[in-house]
$ cat target-v7.csv   # CSV, C-alpha atoms
chain,number,residue,atom,x,y,z
A,1,MET,CA,0.0,0.0,0.0
A,2,SER,CA,1.3,3.4,-0.9
A,3,PRO,CA,1.9,6.0,1.9
A,4,ALA,CA,-1.0,8.1,0.5
A,5,GLY,CA,-3.4,5.3,1.3
A,6,PRO,CA,-5.8,3.3,-0.9
A,7,ALA,CA,-7.0,4.7,-4.1
A,8,PRO,CA,-10.7,5.8,-4.2
A,9,LEU,CA,-13.3,3.4,-5.5
A,10,PRO,CA,-14.9,4.0,-8.8
A,11,ALA,CA,-18.2,6.0,-8.7
A,12,PHE,CA,-21.6,4.4,-8.5
A,13,ALA,CA,-23.5,4.2,-11.8
A,14,ALA,CA,-25.2,7.5,-12.8
A,15,ARG,CA,-28.7,5.9,-12.5
A,16,ALA,CA,-28.0,5.0,-8.8
A,17,ARG,CA,-26.9,8.5,-8.1
A,18,ALA,CA,-29.8,10.1,-9.9
A,19,VAL,CA,-32.7,8.2,-8.5
A,20,GLY,CA,-33.7,9.0,-4.9
A,21,GLY,CA,-35.3,6.7,-2.3
A,22,SER,CA,-39.1,6.5,-1.9
A,23,PRO,CA,-40.5,9.1,0.5
A,24,VAL,CA,-43.4,6.7,1.1
A,25,ARG,CA,-41.1,3.9,2.3
A,26,GLU,CA,-39.3,6.5,4.5
A,27,ILE,CA,-42.7,7.7,6.0
A,28,LEU,CA,-43.7,4.1,6.7
A,29,ALA,CA,-40.4,3.6,8.6
A,30,LEU,CA,-41.2,6.8,10.6
A,31,THR,CA,-44.7,5.6,11.6
A,32,GLU,CA,-43.9,2.0,12.6
A,33,ARG,CA,-43.8,2.8,16.3
A,34,PRO,CA,-46.7,1.5,18.4
A,35,GLY,CA,-49.8,3.7,18.7
A,36,VAL,CA,-49.4,5.5,15.4
A,37,ILE,CA,-52.5,5.4,13.2
A,38,SER,CA,-51.2,5.6,9.7
A,39,PHE,CA,-53.1,6.5,6.6
A,40,ALA,CA,-49.8,6.5,4.7
A,41,GLY,CA,-49.1,3.0,3.4
A,42,GLY,CA,-51.2,1.1,0.9
A,43,LEU,CA,-51.1,-2.0,3.2
A,44,PRO,CA,-53.7,-4.8,3.2
A,45,ALA,CA,-55.2,-5.5,6.6
A,46,PRO,CA,-53.3,-8.4,8.1
A,47,GLU,CA,-56.2,-9.6,10.1
A,48,LEU,CA,-58.0,-10.3,6.8
A,49,PHE,CA,-55.3,-12.6,5.4
A,50,ASP,CA,-56.6,-16.2,5.1
A,51,THR,CA,-53.7,-17.5,7.2
A,52,ALA,CA,-55.2,-20.9,7.8
A,53,GLY,CA,-55.9,-21.4,4.1
A,54,LEU,CA,-52.4,-20.4,3.1
A,55,ARG,CA,-50.8,-22.6,5.7
A,56,ALA,CA,-52.8,-25.5,4.4
A,57,ALA,CA,-51.7,-24.6,0.8
A,58,TYR,CA,-48.0,-24.6,1.8
A,59,ASP,CA,-48.5,-27.9,3.7
A,60,SER,CA,-50.1,-29.4,0.5
A,61,ALA,CA,-47.3,-28.1,-1.7
A,62,LEU,CA,-44.7,-29.8,0.6
A,63,THR,CA,-46.6,-33.0,1.2
A,64,GLY,CA,-45.0,-36.2,-0.2
A,65,ALA,CA,-41.5,-36.7,-1.4
A,66,SER,CA,-42.2,-35.8,-5.0
A,67,SER,CA,-44.2,-32.7,-4.1
A,68,ALA,CA,-41.4,-31.5,-1.7
A,69,ALA,CA,-38.7,-32.2,-4.2
A,70,ARG,CA,-40.5,-30.1,-6.8
A,71,ALA,CA,-41.4,-27.3,-4.5
A,72,LEU,CA,-37.9,-26.9,-3.2
A,73,GLN,CA,-36.1,-27.2,-6.6
A,74,TYR,CA,-35.3,-24.8,-9.3
A,75,SER,CA,-38.1,-24.3,-11.8
A,76,THR,CA,-38.8,-22.7,-15.2
A,77,THR,CA,-38.5,-19.0,-15.7
A,78,GLU,CA,-42.0,-18.7,-17.1
A,79,GLY,CA,-43.6,-20.0,-13.9
A,80,ALA,CA,-45.4,-23.1,-12.6
A,81,PRO,CA,-47.8,-24.3,-15.3
A,82,GLU,CA,-50.7,-24.7,-12.9
A,83,LEU,CA,-50.3,-21.1,-11.5
A,84,ARG,CA,-50.1,-19.7,-15.1
A,85,ALA,CA,-53.2,-21.6,-16.0
A,86,ALA,CA,-55.0,-20.3,-12.9
A,87,VAL,CA,-54.1,-16.7,-13.8
A,88,ALA,CA,-55.3,-17.2,-17.3
A,89,ALA,CA,-58.6,-18.6,-16.1
A,90,ARG,CA,-59.2,-15.6,-13.8
A,91,ALA,CA,-58.4,-13.2,-16.7
A,92,GLY,CA,-60.8,-15.1,-18.9
A,93,ALA,CA,-63.5,-14.8,-16.3
A,94,ARG,CA,-63.0,-11.0,-16.4
A,95,GLY,CA,-63.6,-11.0,-20.2
A,96,LEU,CA,-60.0,-11.2,-21.5
A,97,ALA,CA,-59.3,-14.4,-23.4
A,98,THR,CA,-56.0,-15.7,-22.1
A,99,THR,CA,-54.0,-18.9,-22.1
A,100,ALA,CA,-51.4,-20.1,-19.8
A,101,ASP,CA,-48.8,-19.5,-22.5
A,102,ASP,CA,-49.7,-15.8,-22.4
A,103,VAL,CA,-48.6,-15.5,-18.8
A,104,LEU,CA,-45.3,-15.0,-17.1
A,105,ILE,CA,-45.2,-15.3,-13.3
A,106,THR,CA,-43.1,-12.6,-11.6
A,107,THR,CA,-41.7,-11.8,-8.2
A,108,GLY,CA,-44.4,-9.3,-7.4
A,109,SER,CA,-46.0,-7.0,-10.0
A,110,GLN,CA,-43.2,-4.5,-9.4
A,111,GLN,CA,-40.8,-7.0,-11.1
A,112,ALA,CA,-43.1,-7.2,-14.0
A,113,LEU,CA,-42.8,-3.5,-14.5
A,114,THR,CA,-39.0,-3.7,-14.1
A,115,LEU,CA,-38.8,-6.5,-16.8
A,116,ILE,CA,-41.0,-4.5,-19.2
A,117,THR,CA,-38.9,-1.4,-18.7
A,118,ALA,CA,-35.6,-3.4,-19.2
A,119,THR,CA,-37.1,-4.9,-22.4
A,120,LEU,CA,-38.5,-1.7,-24.0
A,121,VAL,CA,-36.7,1.4,-22.6
A,122,GLU,CA,-33.2,2.6,-23.4
A,123,PRO,CA,-31.5,5.6,-21.8
A,124,GLY,CA,-33.1,8.8,-23.3
A,125,ASP,CA,-36.3,7.1,-24.4
A,126,THR,CA,-39.5,8.9,-23.7
A,127,VAL,CA,-42.1,7.3,-21.3
A,128,LEU,CA,-45.5,8.8,-20.7
A,129,VAL,CA,-47.3,8.6,-17.3
A,130,GLU,CA,-50.4,9.9,-15.6
A,131,ASN,CA,-49.8,12.9,-13.4
A,132,PRO,CA,-49.7,12.1,-10.5
A,133,THR,CA,-48.6,8.4,-10.8
A,134,TYR,CA,-47.3,5.4,-8.9
A,135,LEU,CA,-44.1,6.5,-7.2
A,136,ALA,CA,-42.2,3.2,-7.7
A,137,ALA,CA,-42.9,3.4,-11.4
A,138,LEU,CA,-41.2,6.8,-11.5
A,139,GLN,CA,-38.2,5.2,-9.7
A,140,CYS,CA,-38.2,2.3,-12.2
A,141,PHE,CA,-38.2,4.6,-15.2
A,142,GLY,CA,-35.6,6.8,-13.6
A,143,MET,CA,-33.3,3.9,-13.1
A,144,ALA,CA,-33.6,3.1,-16.8
A,145,GLY,CA,-32.6,6.6,-17.8
A,146,ALA,CA,-35.9,7.4,-19.4
A,147,ARG,CA,-37.3,10.8,-20.1
A,148,VAL,CA,-40.6,10.8,-18.3
A,149,ILE,CA,-43.4,13.1,-19.5
A,150,PRO,CA,-46.7,13.6,-17.7
A,151,VAL,CA,-50.1,13.3,-19.5
A,152,PRO,CA,-52.6,15.9,-18.1
A,153,CYS,CA,-55.4,14.3,-16.1
A,154,ASP,CA,-58.7,15.4,-14.6
A,155,GLU,CA,-60.9,13.9,-11.9
A,156,GLU,CA,-61.6,10.8,-14.1
A,157,GLY,CA,-58.0,10.2,-15.2
A,158,LEU,CA,-55.9,10.9,-18.2
A,159,LEU,CA,-57.2,13.1,-21.0
A,160,PRO,CA,-57.2,11.1,-24.3
A,161,ASP,CA,-56.8,14.2,-26.5
A,162,ALA,CA,-53.8,15.3,-24.5
A,163,LEU,CA,-52.3,11.8,-24.8
A,164,ALA,CA,-52.8,11.9,-28.6
A,165,GLU,CA,-51.1,15.3,-28.9
A,166,ILE,CA,-48.2,14.4,-26.7
A,167,THR,CA,-47.7,11.0,-28.4
A,168,ALA,CA,-47.6,12.6,-31.9
A,169,ARG,CA,-45.2,15.3,-30.7
A,170,GLU,CA,-42.8,13.3,-28.5
A,171,ARG,CA,-42.9,9.8,-30.1
A,172,PRO,CA,-42.7,7.9,-26.7
A,173,LYS,CA,-42.0,4.2,-26.3
A,174,LEU,CA,-44.8,3.5,-23.9
A,175,LEU,CA,-47.6,4.8,-21.8
A,176,TYR,CA,-47.7,3.5,-18.2
A,177,THR,CA,-51.1,3.7,-16.6
A,178,VAL,CA,-53.1,2.5,-13.6
A,179,PRO,CA,-56.6,3.0,-15.0
A,180,THR,CA,-58.5,1.3,-12.2
A,181,PHE,CA,-58.5,2.8,-8.7
A,182,GLN,CA,-55.3,4.5,-9.5
A,183,ASN,CA,-52.4,4.9,-7.1
A,184,PRO,CA,-52.3,7.6,-5.7
A,185,THR,CA,-55.6,9.2,-6.6
A,186,GLY,CA,-58.1,6.3,-6.5
A,187,ARG,CA,-59.5,7.5,-9.9
A,188,THR,CA,-60.9,5.1,-12.5
A,189,LEU,CA,-60.7,5.8,-16.2
A,190,PRO,CA,-64.1,5.5,-17.9
A,191,GLY,CA,-64.6,3.0,-20.6
A,192,ALA,CA,-65.0,5.5,-23.4
A,193,ARG,CA,-61.6,7.0,-22.6
A,194,ARG,CA,-60.0,3.5,-22.4
A,195,ALA,CA,-61.2,2.9,-26.0
A,196,GLU,CA,-59.7,6.2,-27.1
A,197,VAL,CA,-56.4,5.3,-25.5
A,198,ALA,CA,-56.4,2.0,-27.3
A,199,ARG,CA,-57.1,3.7,-30.6
A,200,THR,CA,-54.4,6.3,-30.1
A,201,ALA,CA,-51.8,3.6,-29.3
A,202,ALA,CA,-52.7,1.7,-32.5
A,203,ARG,CA,-52.8,4.7,-34.7
A,204,LEU,CA,-49.5,6.3,-33.4
A,205,GLY,CA,-47.5,3.3,-32.5
A,206,LEU,CA,-47.3,3.1,-28.7
A,207,TRP,CA,-46.8,0.3,-26.2
A,208,LEU,CA,-49.4,0.3,-23.3
A,209,VAL,CA,-48.4,-0.9,-19.8
A,210,GLU,CA,-51.5,-1.4,-17.8
A,211,ASP,CA,-50.9,-1.9,-14.1
A,212,ASP,CA,-53.9,-3.4,-12.3
A,213,PRO,CA,-53.1,-4.3,-8.7
A,214,TYR,CA,-56.5,-3.1,-7.3
A,215,GLY,CA,-59.1,-4.1,-9.9
A,216,ASP,CA,-60.6,-6.8,-7.7
A,217,LEU,CA,-61.2,-4.3,-4.9
A,218,ARG,CA,-64.4,-2.7,-6.2
A,219,TYR,CA,-67.0,-1.5,-3.7
A,220,GLU,CA,-69.6,-0.1,-6.0
A,221,GLY,CA,-70.3,0.3,-9.7
A,222,ALA,CA,-69.5,-2.1,-12.6
A,223,HIS,CA,-66.2,-3.4,-13.7
A,224,GLU,CA,-64.5,-1.6,-16.6
A,225,PRO,CA,-62.9,-3.9,-19.2
A,226,TRP,CA,-59.1,-3.8,-19.2
A,227,LEU,CA,-57.4,-1.6,-21.7
A,228,ALA,CA,-55.9,-4.8,-23.1
A,229,ALA,CA,-59.5,-5.9,-24.1
A,230,HIS,CA,-60.2,-2.9,-26.3
A,231,PRO,CA,-59.7,-3.0,-30.1
A,232,GLY,CA,-56.3,-1.7,-31.1
A,233,ALA,CA,-54.7,-2.6,-27.8
A,234,GLU,CA,-54.5,-6.4,-28.3
A,235,ASP,CA,-51.0,-6.6,-29.8
A,236,ARG,CA,-49.4,-3.8,-27.7
A,237,THR,CA,-50.6,-4.0,-24.1
A,238,ALA,CA,-48.6,-5.5,-21.2
A,239,LEU,CA,-51.1,-6.2,-18.5
A,240,ILE,CA,-49.6,-6.5,-15.0
A,241,GLY,CA,-51.4,-8.1,-12.1
A,242,SER,CA,-50.7,-9.1,-8.5
A,243,PHE,CA,-51.7,-11.5,-5.7
A,244,SER,CA,-50.5,-8.9,-3.1
A,245,LYS,CA,-53.9,-7.2,-2.5
A,246,VAL,CA,-56.1,-10.3,-2.8
A,247,MET,CA,-54.0,-13.0,-1.2
A,248,ALA,CA,-51.0,-11.6,0.7
A,249,PRO,CA,-48.2,-9.2,-0.3
A,250,GLY,CA,-45.6,-11.3,1.5
A,251,LEU,CA,-46.0,-14.0,-1.2
A,252,ARG,CA,-44.4,-11.6,-3.7
A,253,LEU,CA,-46.3,-13.1,-6.6
A,254,GLY,CA,-47.3,-11.1,-9.6
A,255,TRP,CA,-47.9,-11.8,-13.3
A,256,LEU,CA,-47.5,-10.4,-16.7
A,257,ARG,CA,-49.8,-11.0,-19.7
A,258,ALA,CA,-48.2,-9.7,-22.9
A,259,PRO,CA,-47.9,-10.3,-26.6
A,260,ALA,CA,-45.6,-13.2,-27.5
A,261,GLY,CA,-42.6,-11.2,-28.6
A,262,LEU,CA,-42.6,-8.9,-25.6
A,263,ARG,CA,-43.2,-11.8,-23.2
A,264,ARG,CA,-40.3,-13.8,-24.6
A,265,ALA,CA,-38.0,-10.8,-24.2
A,266,ALA,CA,-39.3,-10.3,-20.6
A,267,VAL,CA,-38.5,-14.0,-19.9
A,268,VAL,CA,-34.8,-13.4,-21.0
A,269,ALA,CA,-34.7,-10.3,-18.8
A,270,LYS,CA,-36.1,-12.3,-15.8
A,271,GLN,CA,-33.4,-15.0,-16.4
A,272,ALA,CA,-30.8,-12.2,-15.9
A,273,ALA,CA,-32.7,-10.9,-12.8
A,274,ASP,CA,-33.6,-13.9,-10.7
A,275,LEU,CA,-33.8,-17.1,-12.9
A,276,HIS,CA,-37.4,-17.7,-11.6
A,277,THR,CA,-39.9,-16.7,-9.0
A,278,SER,CA,-39.9,-18.8,-5.8
A,279,THR,CA,-41.1,-22.3,-6.6
A,280,VAL,CA,-42.6,-23.1,-3.3
A,281,ASP,CA,-44.6,-19.9,-3.2
A,282,GLN,CA,-45.9,-20.4,-6.7
A,283,LEU,CA,-47.0,-24.0,-5.9
A,284,ALA,CA,-48.6,-22.9,-2.6
A,285,ALA,CA,-50.5,-20.2,-4.4
A,286,ALA,CA,-51.6,-22.6,-7.1
A,287,ARG,CA,-52.8,-25.1,-4.5
A,288,TYR,CA,-54.7,-22.3,-2.7
A,289,LEU,CA,-56.5,-21.4,-5.9
A,290,ALA,CA,-57.4,-25.0,-6.5
A,291,ASP,CA,-58.6,-25.8,-3.0
A,292,HIS,CA,-60.2,-22.4,-1.9
A,293,ASP,CA,-62.6,-19.9,-3.3
A,294,LEU,CA,-60.5,-16.8,-3.8
A,295,ASP,CA,-63.5,-14.8,-5.0
A,296,ALA,CA,-65.4,-15.6,-1.8
A,297,HIS,CA,-62.3,-14.5,0.2
A,298,VAL,CA,-62.0,-11.3,-1.8
A,299,ALA,CA,-65.7,-10.6,-1.3
A,300,ARG,CA,-65.1,-10.6,2.5
A,301,VAL,CA,-62.1,-8.3,2.1
A,302,ARG,CA,-64.2,-5.9,0.0
A,303,GLU,CA,-66.9,-5.8,2.6
A,304,ALA,CA,-64.4,-4.8,5.3
A,305,TYR,CA,-62.6,-2.3,3.0
A,306,ARG,CA,-65.9,-0.7,1.9
A,307,ALA,CA,-66.8,0.0,5.6
A,308,ARG,CA,-63.3,1.5,6.1
A,309,ARG,CA,-63.5,3.7,3.0
A,310,ASP,CA,-66.9,5.0,4.2
A,311,ALA,CA,-65.6,5.7,7.7
A,312,LEU,CA,-62.7,7.7,6.2
A,313,LEU,CA,-65.0,9.7,3.9
A,314,ALA,CA,-67.5,10.3,6.6
A,315,GLY,CA,-64.9,12.0,8.9
A,316,LEU,CA,-62.8,13.9,6.4
A,317,GLY,CA,-65.0,17.0,6.4
A,318,ALA,CA,-64.3,17.5,10.2
A,319,ALA,CA,-60.6,16.4,10.0
A,320,LEU,CA,-59.4,18.5,7.1
A,321,PRO,CA,-59.3,22.4,7.1
A,322,GLU,CA,-62.3,24.2,5.7
A,323,GLY,CA,-62.0,24.5,1.9
A,324,SER,CA,-60.4,21.1,1.4
A,325,GLU,CA,-61.5,18.8,-1.3
A,326,TRP,CA,-61.4,15.0,-1.7
A,327,ASN,CA,-62.7,12.3,-4.0
A,328,ARG,CA,-64.9,9.2,-3.5
A,329,PRO,CA,-63.1,6.2,-5.1
A,330,GLN,CA,-65.3,3.3,-6.2
A,331,GLY,CA,-62.7,0.9,-5.0
A,332,GLY,CA,-59.0,0.3,-4.3
A,333,MET,CA,-57.1,1.6,-1.3
A,334,PHE,CA,-56.8,5.4,-1.5
A,335,VAL,CA,-58.6,8.7,-1.2
A,336,TRP,CA,-56.9,11.7,-2.8
A,337,ALA,CA,-57.4,15.1,-1.0
A,338,ARG,CA,-56.4,18.7,-1.6
A,339,LEU,CA,-55.9,21.2,1.2
A,340,PRO,CA,-56.9,24.9,0.9
A,341,GLU,CA,-54.8,27.5,-0.9
A,342,GLY,CA,-51.6,28.2,1.0
A,343,CYS,CA,-51.3,24.8,2.7
A,344,ASP,CA,-48.4,22.5,2.2
A,345,ALA,CA,-49.1,18.8,3.0
A,346,THR,CA,-45.4,18.0,3.2
A,347,ALA,CA,-44.7,20.8,5.8
A,348,LEU,CA,-47.8,19.7,7.8
A,349,LEU,CA,-46.8,16.1,8.0
A,350,LYS,CA,-44.4,16.8,10.9
A,351,SER,CA,-47.3,18.0,13.0
A,352,ALA,CA,-49.3,15.0,12.0
A,353,VAL,CA,-46.6,12.5,13.1
A,354,ALA,CA,-46.2,14.4,16.4
A,355,HIS,CA,-50.0,13.7,16.9
A,356,ASP,CA,-49.4,10.0,16.2
A,357,VAL,CA,-51.1,10.0,12.8
A,358,ALA,CA,-49.7,10.0,9.3
A,359,TYR,CA,-50.5,10.4,5.6
A,360,VAL,CA,-48.5,10.6,2.4
A,361,PRO,CA,-48.0,14.1,0.9
A,362,GLY,CA,-48.9,14.1,-2.8
A,363,ALA,CA,-45.9,16.0,-4.1
A,364,PRO,CA,-43.6,13.0,-4.7
A,365,PHE,CA,-46.2,11.4,-7.0
A,366,PHE,CA,-46.0,14.2,-9.6
A,367,THR,CA,-43.7,14.5,-12.6
A,368,GLY,CA,-42.6,18.1,-13.0
A,369,ALA,CA,-44.2,20.8,-10.8
A,370,PRO,CA,-46.1,19.1,-8.0
A,371,ASP,CA,-49.3,20.3,-6.3
A,372,PRO,CA,-48.0,20.8,-2.7
A,373,ARG,CA,-51.6,20.9,-1.3
A,374,THR,CA,-52.3,17.3,-2.2
A,375,LEU,CA,-52.2,14.2,0.1
A,376,ARG,CA,-53.0,10.5,-0.2
A,377,LEU,CA,-54.9,8.7,2.5
A,378,SER,CA,-55.1,4.9,2.7
A,379,PHE,CA,-58.1,3.4,4.5
A,380,THR,CA,-57.5,-0.4,4.3
A,381,THR,CA,-55.1,-1.0,7.3
A,382,HIS,CA,-57.3,0.2,10.2
A,383,THR,CA,-60.8,-0.6,11.4
A,384,PRO,CA,-63.6,2.1,11.3
A,385,ASP,CA,-63.1,2.8,15.0
A,386,GLU,CA,-59.4,3.3,14.6
A,387,ILE,CA,-60.0,5.5,11.5
A,388,ALA,CA,-62.2,7.7,13.6
A,389,VAL,CA,-59.5,8.1,16.2
A,390,GLY,CA,-56.9,8.8,13.5
A,391,LEU,CA,-59.2,11.5,12.0
A,392,ASP,CA,-59.5,13.2,15.4
A,393,ARG,CA,-55.7,13.3,15.7
A,394,LEU,CA,-55.5,14.6,12.1
A,395,ARG,CA,-57.9,17.4,12.9
A,396,ALA,CA,-55.8,18.4,15.9
A,397,ALA,CA,-52.6,18.3,13.8
A,398,LEU,CA,-53.9,20.4,11.0
A,399,ARG,CA,-55.7,22.9,13.2

$ encode --input "target-v7.csv" --output "structure tokens"
Amino acid sequence: MSPAGPAPLPAFAARARAVGGSPVREILALTERPGVISFAGGLPAPELFDTAGLRAAYDSALTGASSAARALQYSTTEGAPELRAAVAARAGARGLATTADDVLITTGSQQALTLITATLVEPGDTVLVENPTYLAALQCFGMAGARVIPVPCDEEGLLPDALAEITARERPKLLYTVPTFQNPTGRTLPGARRAEVARTAARLGLWLVEDDPYGDLRYEGAHEPWLAAHPGAEDRTALIGSFSKVMAPGLRLGWLRAPAGLRRAAVVAKQAADLHTSTVDQLAAARYLADHDLDAHVARVREAYRARRDALLAGLGAALPEGSEWNRPQGGMFVWARLPEGCDATALLKSAVAHDVAYVPGAPFFTGAPDPRTLRLSFTTHTPDEIAVGLDRLRAALR
């Protein structure tokens, strides 16, 4: 070693230096202490997990020498055939004809988005997003070096005319959208707009990435068909789904339904990432779907979440400052609110945490200039009685 000491290490990659951590994850860490009522995280209610059913499914996956040998062994990148078939059957029941060969099983739906991004996006490519949009998607596109452009939205979601104009001008690779019970706003894109988005994608040459983690959590109204089911979108839509919100997020199981060429490329990207998703988790999930009525379980979850949504909506008028606005989502996990002129939700969060209550400021979800008055409130984690206590604390914090 020279007297001057060791040479400095080479720098981190530019993408690692450019993309910051998630403020949502940091807020969750802040609010993990006992007694805090948090409206911050989009966390399923743990008391509603079908623990007994999942335990039985794991036992079944590991019963017998041949079952255990398979469950604990390496498996194919595409995923367990029986789980792919179950995903395809559930998609077909929602009106989208799907075969097992159309499906790739992923380690959470976040991985599906990462694989699609790795497959389609090169540094400098343009990606379109709703404004505001899912924060981890912005991180994903940032890590890929994409140029992210927001599409203007109103209270029903993205504006198709604006999408067509921006697509013609900017020639983006893809549009990323959460059209059903969007994160963070809870909005649902109407069917007529979905059809326009599909037509625009077909006419102007645009990939569609449709993220649907919340679609099963509908509390009122009728299901809207997926973007992937609309004419013009069939050969250009990557549909991403998840078992996190309907089974359990700890399973880390998601899926990707995509056209053959894109799916094959995503398989290669997954081989480079993790070879395959956990075999035992896949087989347990497939066993659960074979032995239990997931739709009946989801119906029980929806009933509980509907009551929690209603409790939050009923108390927001008293909890938020006069002049605030908020929406009424038909499903999902989030209510989107806007405080009166002059308020800053990020600055007010410190007072909220001091009162043992938390929310997520809306600013990090925006691309470009944020609206500092906005905030996201999740209603799924706490009971109606706990929500009422949390709203009392929020009222005191924002007074």

$ residues_near_point --input "target-v7.csv" --point "(-33.1, 7.6, -17.9)" --cutoff "12 Å" --atoms "only C-alpha atoms" --output "list of chain:residue names"
A:Ala13, A:Ala14, A:Arg15, A:Ala16, A:Arg17, A:Ala18, A:Val19, A:Thr117, A:Ala118, A:Val121, A:Glu122, A:Pro123, A:Gly124, A:Asp125, A:Thr126, A:Val127, A:Leu138, A:Gln139, A:Cys140, A:Phe141, A:Gly142, A:Met143, A:Ala144, A:Gly145, A:Ala146, A:Arg147, A:Val148, A:Ile149

$ closest_residue --input "target-v7.csv" --among "A:Ile166, A:Leu275, A:Ala363, A:Met333" --to "A:Gly42" --atoms "only C-alpha atoms"
A:Met333

$ residues_around --input "target-v7.csv" --residues "A:Val357" --least-positions-apart "5" --cutoff "7 Å" --atoms "only C-alpha atoms" --output "list of chain:residue names"
A:Val36, A:Ile37, A:Ser38, A:Ala352, A:Gly390, A:Arg393, A:Leu394

$ residues_around --input "target-v7.csv" --residues "A:Tyr134" --least-positions-apart "3" --cutoff "7 Å" --atoms "all atoms listed in the file" --output "PyMOL selection string"
chain A and resi 137-138+183-184+365

$ atom_distance --input "target-v7.csv" --atom1 "atom CA of A:Asp216" --atom2 "atom CA of A:Leu83"
18.0 Å

$ closest_residue --input "target-v7.csv" --among "A:Thr374, A:Thr133, A:Thr114, A:Thr367" --to "A:Arg338" --atoms "all atoms listed in the file"
A:Thr374

$ residues_around --input "target-v7.csv" --residues "A:Gly241" --least-positions-apart "2" --cutoff "6 Å" --atoms "all atoms listed in the file" --output "compact mmCIF listing (two decimals) with C-alpha atoms, keeping the file's coordinate frame"
# COMPACT_ATOMS: atom_id res chain seq x y z
CA SER A 109 -46.00 -7.00 -10.00
CA ASP A 212 -53.90 -3.40 -12.30
CA PRO A 213 -53.10 -4.30 -8.70
CA GLY A 254 -47.30 -11.10 -9.60
CA TRP A 255 -47.90 -11.80 -13.30

$ closest_residue --input "target-v7.csv" --among "A:Ser75, A:Gly64, A:Asn327, A:Ala314" --to "A:Ile105" --atoms "only C-alpha atoms"
A:Ser75

$ residues_around --input "target-v7.csv" --residues "A:Arg252" --least-positions-apart "6" --cutoff "10 Å" --atoms "all atoms listed in the file" --output "PyMOL selection string"
chain A and resi 106-111+242-244+277-278+281-282
